[in-house]
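Novice: First the structure, then my questions, so here it is.
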Amino acid sequence: MRDQTPAGSQRSSGREILLLLLLLLAVLFSGGDNQEAYQGPTSFHVMQISSFANSTWTLNRGSGWLEDLQIHGWDSDTGTAIFLKPWSKGNLSDEEVTELEEIFRVYFFGITREVQERISDLQLEYPFEFQGIAGCELQSGGAIGSFLKGAIKGLDLLSINTTCWPAPSGGSRAQKVCELIANYKGIFDTIEHLLYKTCPRFLLSVLEAGKVDLQRQVKPKAWLSSGPSPEPGHVPLVCHVSGFYPKPVWVMWMRGEQEQQGTQQGDFLPNADGTWNLRATLDVAAGEAAGLACRVKHSSLGGQDLVLYWGHSIPIGLVILAIIVPALIFLLGLALWFWRRRSYQDI
Ligand SMILES: *[C@@H]1O[C@H](CO)[C@@H](O)[C@H](O)[C@H]1NC(C)=O
Ligand SMILES: *[C@@H]1O[C@H](CO)[C@@H](O)[C@H](O)[C@H]1NC(C)=O
Ligand SMILES: *[C@@H]1O[C@H](CO)[C@@H](O)[C@H](O)[C@H]1NC(C)=O
């Protein structure tokens, strides 16, 4: 009778090698840490921009935002809200939406009339713009804070929570506006209700309703170009990063592992689908561009940074892939061959 034990143990050590190699592969090509913090927006605000052109003509624009994503518009002709996303209503009922639209209609009508009637009292001259912003935001620890602020001609005028607070930059005009608001019975009750009850409830429900959209991950595309030379002998290297979501991103020109401190980030530019574009530029002397690379970190990349090399050098990732993968396959073949040979010898 043949003793099965040695062959069995050979087979299992062969399996161990296989397992080890697979494990190695998995470690090499895994994305690293998968624990990612919540990446979506954490605040909601409505914004009002009222342009007072002359004594008879005022344009009121209203909008609703989750941070920099607009989810509501305002039709000032009909005095109704425009819902820009299928989930923009959160869990507000149709009755609640109608009620809120009525509040905003009355508010826009009221503020327009009051301001027009008190132009000289408030020491204002046409044309000017009034801006208002109100909303609430999730704070660390789960609390929700609320805010309401107004500005005139770009200067802070007042803030309101349970009472009206004139802003220092608002001067006596701010005092007057706060006194004016105090004349309206019940206005603070309404504001308090909207800021501290309606807004937090809406914020939580709209973040939930829009979760699939708001927490999606869209990978950036990246490419390099050179900009127009600002001075002879210098080249601005431009790293274009486009179409990513969410907004937080890290883009840096590198030489090896060295971050290039001269890297200048442009503005975040939005796409129609809610994704973002960003450029990072580095000015270098003409001879010094070789060996530079643009490195992009983004939550959608799962720890696998995008690295683009200036010039024609082959990305280091490809080099590693080209060396390690064949080497692993070779080792795997070798291990299998040994194992089979030993198994045959055993028989
Ligand atoms: C008021 O401003 C609007 C918009 O700029 C203009 O069309 C209108 O003619 C102006 N009216 C008067 C009385 O100046
Ligand atoms: C209201 O705002 C004022 C001034 O910003 C602040 O001092 C006060 O604590 C706030 N009160 C509440 C209840 O949030
Ligand atoms: C809407 O959502 C909020 C926050 O999740 C919740 O507190 C509230 O009970 C919900 N209201 C309705 C009518 O479902």
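Chain labels follow the order of the structure tokens: the first chain is A, the next B, and so on; residue numbering restarts at 1 in every chain, and ligands are counted from 1 in their shown order.
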Please identify every residue of chain A that has at least one atom no farther than 8 Å from an atom of ligand 2, counting only C-alpha atoms and all ligand atoms, and for each give the shortest atom pair and the distance in Å to one decimal, arranged by chain then increasing number, as JSON lines.

Specialist:
```
{"residue": "A:Ser146", "atom": "CA", "partner": "ligand 2", "partner_atom_place_in_ligand_line": "14 (O)", "distance": 7.8}
{"residue": "A:Ser159", "atom": "CA", "partner": "ligand 2", "partner_atom_place_in_ligand_line": "5 (O)", "distance": 6.9}
{"residue": "A:Ile160", "atom": "CA", "partner": "ligand 2", "partner_atom_place_in_ligand_line": "2 (O)", "distance": 6.7}
{"residue": "A:Asn161", "atom": "CA", "partner": "ligand 2", "partner_atom_place_in_ligand_line": "1 (C)", "distance": 4.9}
{"residue": "A:Thr162", "atom": "CA", "partner": "ligand 2", "partner_atom_place_in_ligand_line": "13 (C)", "distance": 6.0}
{"residue": "A:Thr163", "atom": "CA", "partner": "ligand 2", "partner_atom_place_in_ligand_line": "1 (C)", "distance": 7.0}
{"residue": "A:Trp165", "atom": "CA", "partner": "ligand 2", "partner_atom_place_in_ligand_line": "4 (C)", "distance": 6.3}
```

Novice: May I have the residues within 9 Å of ligand 1, computed using only C-alpha atoms and all ligand atoms, as a list in words?

Specialist: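 Residues satisfying the distance criterion: Phe52, Ala53, Asn54, Ser55, Thr56, Trp57, Thr58, Leu59 and Pro127 of chain A.
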
Novice: Got time to write the residues from that selection, N, CA, C and O atoms, as a PDB file, in the first residue's frame?

Specialist:
```pdb
ATOM      1  N   PHE A  52     -32.358  95.920  -6.951  1.00  0.00           N
ATOM      2  CA  PHE A  52     -33.247  97.074  -6.982  1.00  0.00           C
ATOM      3  C   PHE A  52     -32.697  98.037  -8.029  1.00  0.00           C
ATOM      4  O   PHE A  52     -31.731  98.751  -7.778  1.00  0.00           O
ATOM      5  N   ALA A  53     -33.340  98.035  -9.238  1.00  0.00           N
ATOM      6  CA  ALA A  53     -32.805  98.827 -10.353  1.00  0.00           C
ATOM      7  C   ALA A  53     -33.236 100.281 -10.245  1.00  0.00           C
ATOM      8  O   ALA A  53     -32.449 101.204 -10.421  1.00  0.00           O
ATOM      9  N   ASN A  54     -34.496 100.502  -9.962  1.00  0.00           N
ATOM     10  CA  ASN A  54     -35.035 101.856  -9.785  1.00  0.00           C
ATOM     11  C   ASN A  54     -36.309 101.768  -8.957  1.00  0.00           C
ATOM     12  O   ASN A  54     -36.653 100.681  -8.476  1.00  0.00           O
ATOM     13  N   SER A  55     -37.011 102.894  -8.823  1.00  0.00           N
ATOM     14  CA  SER A  55     -38.140 102.928  -7.885  1.00  0.00           C
ATOM     15  C   SER A  55     -39.272 101.978  -8.271  1.00  0.00           C
ATOM     16  O   SER A  55     -40.118 101.666  -7.439  1.00  0.00           O
ATOM     17  N   THR A  56     -39.291 101.479  -9.512  1.00  0.00           N
ATOM     18  CA  THR A  56     -40.398 100.610  -9.908  1.00  0.00           C
ATOM     19  C   THR A  56     -39.963  99.211 -10.311  1.00  0.00           C
ATOM     20  O   THR A  56     -40.794  98.369 -10.590  1.00  0.00           O
ATOM     21  N   TRP A  57     -38.698  98.984 -10.352  1.00  0.00           N
ATOM     22  CA  TRP A  57     -38.234  97.717 -10.935  1.00  0.00           C
ATOM     23  C   TRP A  57     -37.259  96.981 -10.010  1.00  0.00           C
ATOM     24  O   TRP A  57     -36.176  97.471  -9.707  1.00  0.00           O
ATOM     25  N   THR A  58     -37.691  95.796  -9.559  1.00  0.00           N
ATOM     26  CA  THR A  58     -36.847  94.958  -8.709  1.00  0.00           C
ATOM     27  C   THR A  58     -36.886  93.532  -9.219  1.00  0.00           C
ATOM     28  O   THR A  58     -37.947  93.023  -9.569  1.00  0.00           O
ATOM     29  N   LEU A  59     -35.727  92.884  -9.260  1.00  0.00           N
ATOM     30  CA  LEU A  59     -35.675  91.477  -9.642  1.00  0.00           C
ATOM     31  C   LEU A  59     -35.238  90.651  -8.425  1.00  0.00           C
ATOM     32  O   LEU A  59     -34.186  90.900  -7.849  1.00  0.00           O
ATOM     33  N   PRO A 127     -28.935 102.172  -8.424  1.00  0.00           N
ATOM     34  CA  PRO A 127     -29.316 100.774  -8.198  1.00  0.00           C
ATOM     35  C   PRO A 127     -28.468 100.144  -7.089  1.00  0.00           C
ATOM     36  O   PRO A 127     -27.346 100.576  -6.858  1.00  0.00           O
TER      37      PRO A 127
END
```

Novice: Quick one: residues within 7 Å of range 97-104 of chain A, only C-alpha atoms counted, chain neighbours fewer than 4 positions away excluded, as a ChimeraX atom specification?

Specialist: /A:80-81,92-93,108

Novice: Write the residues of the preceding selection, restricted to N, CA and C atoms, as a PDB file, in the first residue's frame.

Specialist:
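part39.pdb, freshly written:
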```pdb
ATOM      1  N   THR A  80     -43.107  80.308  -7.689  1.00  0.00           N
ATOM      2  CA  THR A  80     -43.039  78.900  -7.291  1.00  0.00           C
ATOM      3  C   THR A  80     -41.601  78.394  -7.370  1.00  0.00           C
ATOM      4  N   ALA A  81     -41.364  77.330  -6.619  1.00  0.00           N
ATOM      5  CA  ALA A  81     -40.023  76.734  -6.591  1.00  0.00           C
ATOM      6  C   ALA A  81     -39.828  75.830  -7.798  1.00  0.00           C
ATOM      7  N   LEU A  92     -40.330  66.430   2.113  1.00  0.00           N
ATOM      8  CA  LEU A  92     -41.400  67.421   2.303  1.00  0.00           C
ATOM      9  C   LEU A  92     -42.653  66.960   1.547  1.00  0.00           C
ATOM     10  N   SER A  93     -43.785  67.093   2.206  1.00  0.00           N
ATOM     11  CA  SER A  93     -45.037  66.741   1.515  1.00  0.00           C
ATOM     12  C   SER A  93     -45.413  67.881   0.565  1.00  0.00           C
ATOM     13  N   PHE A 108     -40.785  87.853  -0.440  1.00  0.00           N
ATOM     14  CA  PHE A 108     -40.227  88.627  -1.560  1.00  0.00           C
ATOM     15  C   PHE A 108     -41.061  89.886  -1.818  1.00  0.00           C
TER      16      PHE A 108
END
```

Novice: So, with only C-alpha atoms and all ligand atoms as the atoms that count, which of A:Leu203, A:Leu180, A:Ala327, A:Leu214 lies closest to ligand 3?

Specialist: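 Nearest to ligand 3: A:Leu203.
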
Novice: What lies within 8 Å of Ala182 in chain A using only C-alpha atoms, ignoring chain neighbours under 4 positions off, as a list in words?

Specialist: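 Once the nearby chain positions are removed, what remains is Cys164, Cys178 and Ile187 of chain A.
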
Novice: As a quick test: using only C-alpha atoms and all ligand atoms, which residues lie no more than 8 Å away from ligand 3? Give them as a PDB file with N, CA, C and O atoms, in the first residue's frame.

Specialist:
```
ATOM      1  N   GLY A  90     -36.676  66.335  -0.855  1.00  0.00           N
ATOM      2  CA  GLY A  90     -36.432  65.570   0.371  1.00  0.00           C
ATOM      3  C   GLY A  90     -37.686  64.797   0.711  1.00  0.00           C
ATOM      4  O   GLY A  90     -38.292  64.186  -0.171  1.00  0.00           O
ATOM      5  N   ASN A  91     -38.104  64.855   1.963  1.00  0.00           N
ATOM      6  CA  ASN A  91     -39.368  64.188   2.299  1.00  0.00           C
ATOM      7  C   ASN A  91     -40.469  65.201   2.628  1.00  0.00           C
ATOM      8  O   ASN A  91     -41.412  64.892   3.349  1.00  0.00           O
ATOM      9  N   LEU A  92     -40.330  66.430   2.113  1.00  0.00           N
ATOM     10  CA  LEU A  92     -41.400  67.421   2.303  1.00  0.00           C
ATOM     11  C   LEU A  92     -42.653  66.960   1.547  1.00  0.00           C
ATOM     12  O   LEU A  92     -42.555  66.531   0.402  1.00  0.00           O
ATOM     13  N   SER A  93     -43.785  67.093   2.206  1.00  0.00           N
ATOM     14  CA  SER A  93     -45.037  66.741   1.515  1.00  0.00           C
ATOM     15  C   SER A  93     -45.413  67.881   0.565  1.00  0.00           C
ATOM     16  O   SER A  93     -44.881  68.988   0.676  1.00  0.00           O
ATOM     17  N   PRO A 200     -33.271  71.683   9.491  1.00  0.00           N
ATOM     18  CA  PRO A 200     -32.561  70.450   9.853  1.00  0.00           C
ATOM     19  C   PRO A 200     -33.277  69.183   9.361  1.00  0.00           C
ATOM     20  O   PRO A 200     -32.631  68.261   8.866  1.00  0.00           O
ATOM     21  N   ARG A 201     -34.599  69.189   9.473  1.00  0.00           N
ATOM     22  CA  ARG A 201     -35.363  68.024   9.035  1.00  0.00           C
ATOM     23  C   ARG A 201     -35.215  67.843   7.518  1.00  0.00           C
ATOM     24  O   ARG A 201     -34.987  66.744   7.031  1.00  0.00           O
ATOM     25  N   PHE A 202     -35.303  68.960   6.802  1.00  0.00           N
ATOM     26  CA  PHE A 202     -35.154  68.904   5.349  1.00  0.00           C
ATOM     27  C   PHE A 202     -33.747  68.455   4.952  1.00  0.00           C
ATOM     28  O   PHE A 202     -33.571  67.596   4.082  1.00  0.00           O
ATOM     29  N   LEU A 203     -32.746  69.023   5.626  1.00  0.00           N
ATOM     30  CA  LEU A 203     -31.350  68.690   5.293  1.00  0.00           C
ATOM     31  C   LEU A 203     -31.115  67.181   5.394  1.00  0.00           C
ATOM     32  O   LEU A 203     -30.605  66.557   4.477  1.00  0.00           O
ATOM     33  N   LEU A 204     -31.529  66.605   6.542  1.00  0.00           N
ATOM     34  CA  LEU A 204     -31.306  65.162   6.726  1.00  0.00           C
ATOM     35  C   LEU A 204     -32.043  64.361   5.664  1.00  0.00           C
ATOM     36  O   LEU A 204     -31.503  63.403   5.106  1.00  0.00           O
ATOM     37  N   SER A 205     -33.275  64.788   5.363  1.00  0.00           N
ATOM     38  CA  SER A 205     -34.075  63.983   4.432  1.00  0.00           C
ATOM     39  C   SER A 205     -33.581  64.145   2.995  1.00  0.00           C
ATOM     40  O   SER A 205     -33.609  63.198   2.218  1.00  0.00           O
ATOM     41  N   VAL A 206     -33.083  65.325   2.634  1.00  0.00           N
ATOM     42  CA  VAL A 206     -32.625  65.506   1.252  1.00  0.00           C
ATOM     43  C   VAL A 206     -31.264  64.814   1.041  1.00  0.00           C
ATOM     44  O   VAL A 206     -30.991  64.287  -0.037  1.00  0.00           O
ATOM     45  N   GLU A 208     -30.486  62.091   2.467  1.00  0.00           N
ATOM     46  CA  GLU A 208     -30.859  60.681   2.341  1.00  0.00           C
ATOM     47  C   GLU A 208     -31.465  60.410   0.953  1.00  0.00           C
ATOM     48  O   GLU A 208     -31.079  59.468   0.269  1.00  0.00           O
TER      49      GLU A 208
END
```

Novice: Could you give me, as a CSV table (one decimal) with N, CA and C atoms, in the first residue's frame, the residues within 8 Å of Cys294 in chain A, counting only C-alpha atoms and dropping anything in the same chain fewer than 4 positions from it?

Specialist:
```
chain,number,residue,atom,x,y,z
A,239,CYS,N,-1.3,70.6,-15.5
A,239,CYS,CA,-1.9,69.3,-15.3
A,239,CYS,C,-3.4,69.5,-15.2
A,251,VAL,N,-4.0,67.7,-6.1
A,251,VAL,CA,-3.2,67.7,-7.3
A,251,VAL,C,-1.9,68.4,-7.0
A,252,MET,N,-0.8,67.7,-7.4
A,252,MET,CA,0.5,68.3,-7.1
A,252,MET,C,1.6,67.9,-8.1
A,253,TRP,N,2.4,68.8,-8.5
A,253,TRP,CA,3.5,68.5,-9.4
A,253,TRP,C,4.6,67.9,-8.5
A,254,MET,N,5.2,66.8,-8.9
A,254,MET,CA,6.2,66.1,-8.1
A,254,MET,C,7.5,65.9,-8.9
A,306,LEU,N,-3.3,58.8,-9.4
A,306,LEU,CA,-3.0,59.0,-10.9
A,306,LEU,C,-1.6,59.6,-10.9
A,307,VAL,N,-0.7,59.1,-11.7
A,307,VAL,CA,0.6,59.8,-11.9
A,307,VAL,C,0.9,59.9,-13.3
A,308,LEU,N,1.0,61.2,-13.8
A,308,LEU,CA,1.4,61.4,-15.2
A,308,LEU,C,2.7,62.1,-15.3
A,309,TYR,N,3.6,61.5,-16.1
A,309,TYR,CA,4.9,61.9,-16.3
A,309,TYR,C,5.1,62.9,-17.4
A,310,TRP,N,5.9,63.9,-17.2
A,310,TRP,CA,6.1,64.9,-18.2
A,310,TRP,C,7.1,64.3,-19.2
```

Novice: Taking the DSSP secondary structure from the backbone, can you list the residues of range 160-273 of chain A that are alpha helix (DSSP H), as a ChimeraX atom specification?

Specialist: /A:171-182,187-193,199-209,211-214

Novice: Please determine, counting only C-alpha atoms, which residue among A:Trp87, A:Trp74, A:Phe244, A:Trp276 has the shortest atom-to-atom distance to Asp213 in chain A.

Specialist: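 Residue with the minimum atom-to-atom distance to Asp213 in chain A: A:Trp87.
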
Novice: So which residues touch Val46 in chain A within 7 Å, counting only C-alpha atoms, skipping near sequence neighbours fewer than 3 positions away, as a list in words?

Specialist: Ser63, Gly64, Trp65, Ile133, Ala134 and Gly135 of chain A

Novice: Keeping only N, CA and C atoms, write the selected residues to a file as an mmCIF file, in the first residue's frame.

Specialist:
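File written: result_4.cif
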```
data_model
loop_
_atom_site.group_PDB
_atom_site.id
_atom_site.type_symbol
_atom_site.label_atom_id
_atom_site.label_comp_id
_atom_site.auth_asym_id
_atom_site.auth_seq_id
_atom_site.Cartn_x
_atom_site.Cartn_y
_atom_site.Cartn_z
ATOM 1 N N SER A 63 -32.718 80.703 -4.830
ATOM 2 C CA SER A 63 -32.174 79.389 -5.191
ATOM 3 C C SER A 63 -31.891 78.596 -3.922
ATOM 4 N N GLY A 64 -31.819 77.279 -4.057
ATOM 5 C CA GLY A 64 -31.512 76.407 -2.922
ATOM 6 C C GLY A 64 -30.307 75.549 -3.243
ATOM 7 N N TRP A 65 -29.410 75.405 -2.274
ATOM 8 C CA TRP A 65 -28.108 74.779 -2.532
ATOM 9 C C TRP A 65 -27.719 73.765 -1.459
ATOM 10 N N ILE A 133 -28.858 84.982 2.797
ATOM 11 C CA ILE A 133 -28.523 83.568 2.792
ATOM 12 C C ILE A 133 -28.990 82.974 4.120
ATOM 13 N N ALA A 134 -29.659 81.831 4.046
ATOM 14 C CA ALA A 134 -30.166 81.198 5.264
ATOM 15 C C ALA A 134 -30.141 79.701 5.089
ATOM 16 N N GLY A 135 -29.805 79.006 6.157
ATOM 17 C CA GLY A 135 -29.753 77.552 6.030
ATOM 18 C C GLY A 135 -29.257 76.890 7.291
#
```
